[in-house]
Amino acid sequence: KPYTRTEAFSPTKEQAAALAALREEMQQEKKRPVLLHGVTGSGKTEIYLQMIADVLEMGKQAVVLVPEIALTPLILERFLSRFGEKVSVTHSRLSTGERVDQWKRARDGEISVIIGPRSALFLPFADIGAIIIDEAHETSYLSDVTPKYDAREAAEKLAEAAQADLYEIKPKIPYTRADLDWTDKKSRSSVEMNDKASRPAIAGKVENMEEYGIVFIGFAGGIIGLNQEKPMNQGH
């Protein structure tokens with residue numbers, strides 16, 4: 001279904017400072033992971049949407065990792081309304097044929113932004129410019145089936161190989177010791193956001209979600225269907 005395209009929103013003073021810091025890191029020859037953390041509602045998503053736009057302007061691609069439980073209509077609407085047909089979504093309910101089609105579209109340069117859980121890392125983008133790990137504190141990034149791996153560490157290795165920027169997005173909440181150890185070891189740069197930003201209206205609506213239990217999000221090149229009556233595997 002059609003979505004009204006949206007443009008980048010004018011940043012608040014704090015958001016502008018965060019964007020400036022991230023863009024400065026982007027210009028560094030030696031890449032290092034960046035932790036972007038802040039209170040809920042501070043505009044972290046808008047920040048990394050604008051960073052993705054910068055990456056696309058350079059002709060590169062972006063991988064956005066999110067816990068599968070967070071693949072909500074709202075987050076998908078934000079990406080589709082901003083980037084349109086450049087976006088694709090992967091999740092555990094895709095059929096084998098749909099996965100193959102998506103793999104080919106990434107290989108052939110038909111999409112530039114992939115959103116999804118751990119498996120989104122493995123699409124064959126030719127020139128990755130940025131990897132975003134949203135909700136980086138979530139345990140769903142740890143694979144408990146063979147092959148066992150931490151998607152955050154895999155993302156770091158991929159970013160190193162591709163000379164891409166790696167952004168870890170976290171809310172400002174108390175972390176476990178393991179979370180802090182991982183952040184201390186992997187992140188060498190940190191941007192903090194403490195002010196709540198007014199949230200702009202999002203273009204596009206998903207209708208009858210409660211009635212049908214299925215959300216269909218369409219865009220040029222395909223339709224993503226999320227069946228909410230059957231819980232999705234949160235790991236893939």
# chains A, B, ... in the order shown; residues from 1 in each chain; ligands from 1
$ residues_around --residues "region 54-58 of chain A" --least-positions-apart "3" --cutoff "9 Å" --atoms "only C-alpha atoms" --output "compact mmCIF listing (two decimals) with N, CA, C and O atoms, in the first residue's frame"
# COMPACT_ATOMS: atom_id res chain seq x y z
N ARG A 23 28.53 12.18 12.65
CA ARG A 23 29.08 12.49 11.32
C ARG A 23 30.58 12.71 11.38
O ARG A 23 31.30 12.40 10.42
N LEU A 49 18.06 7.25 11.44
CA LEU A 49 17.46 7.40 10.12
C LEU A 49 18.24 8.42 9.29
O LEU A 49 18.46 8.21 8.08
N GLN A 50 18.64 9.50 9.92
CA GLN A 50 19.40 10.52 9.19
C GLN A 50 20.80 10.02 8.84
O GLN A 50 21.35 10.36 7.78
N MET A 51 21.39 9.19 9.71
CA MET A 51 22.68 8.61 9.39
C MET A 51 22.57 7.64 8.21
O MET A 51 23.45 7.57 7.35
N GLN A 61 25.06 0.84 1.39
CA GLN A 61 23.89 0.20 1.96
C GLN A 61 23.96 0.19 3.49
O GLN A 61 25.04 0.38 4.07
N ALA A 62 22.81 -0.03 4.10
CA ALA A 62 22.73 -0.05 5.57
C ALA A 62 21.98 -1.29 6.03
O ALA A 62 20.98 -1.70 5.43
N SER A 112 18.56 -1.14 -0.63
CA SER A 112 19.73 -0.52 0.00
C SER A 112 19.67 -0.55 1.52
O SER A 112 20.67 -0.27 2.18
N VAL A 113 18.50 -0.86 2.08
CA VAL A 113 18.33 -0.92 3.53
C VAL A 113 17.61 -2.21 3.88
O VAL A 113 16.53 -2.49 3.35
N ILE A 128 28.55 -2.12 2.21
CA ILE A 128 27.86 -1.71 3.42
C ILE A 128 28.53 -0.46 4.01
O ILE A 128 29.74 -0.42 4.20
N GLY A 129 27.72 0.55 4.27
CA GLY A 129 28.25 1.79 4.85
C GLY A 129 27.97 1.92 6.32
O GLY A 129 28.70 2.62 7.04
N ALA A 130 26.91 1.26 6.81
CA ALA A 130 26.56 1.37 8.22
C ALA A 130 25.80 0.14 8.69
O ALA A 130 24.99 -0.43 7.93
$ residues_around --residues "Glu160 (chain A)" --least-positions-apart "3" --cutoff "12 Å" --atoms "only C-alpha atoms" --output "PyMOL selection string"
chain A and resi 29-33+128-131+153-157+163-166
$ select_by_dssp --residues "region 43-95 of chain A" --states "helix (DSSP H, G or I)" --output "ChimeraX atom specification"
/A:44-57,68-70,73-86
$ residues_around --residues "Asp101 (chain A)" --least-positions-apart "2" --cutoff "12 Å" --atoms "only C-alpha atoms" --output "VMD selection string"
chain A and resid 88 to 90 94 to 99 103 to 108 110 to 111 123 221 to 223
$ closest_residue --among "A:Asp127, A:Glu7, A:Leu36, A:His137" --to "Ala21 (chain A)" --atoms "only C-alpha atoms"
A:Leu36
$ closest_residue --among "A:Ile75, A:Val191, A:Leu65, A:Val87" --to "Ser119 (chain A)" --atoms "only C-alpha atoms"
A:Leu65
$ select_by_dssp --residues "region 43-156 of chain A" --states "strand (DSSP E)" --output "PyMOL selection string"
chain A and resi 61-65+87-89+113-116+128-133
$ closest_residue --among "A:Gln27, A:Ile132, A:Gly116, A:Ser143" --to "Ala159 (chain A)" --atoms "only C-alpha atoms"
A:Ile132
$ closest_residue --among "A:Gly84, A:Gly43, A:Pro117, A:Gly109" --to "Ala70 (chain A)" --atoms "only C-alpha atoms"
A:Pro117
$ atom_distance --atom1 "CA of Met193 (chain A)" --atom2 "CA of Tyr167 (chain A)"
14.3 Å
$ closest_residue --among "A:Glu192, A:Glu85, A:Glu168, A:Asp134" --to "Pro67 (chain A)" --atoms "only C-alpha atoms"
A:Asp134
$ closest_residue --among "A:Thr45, A:Gln28, A:Ser190, A:Ser140" --to "Gln15 (chain A)" --atoms "only C-alpha atoms"
A:Thr45
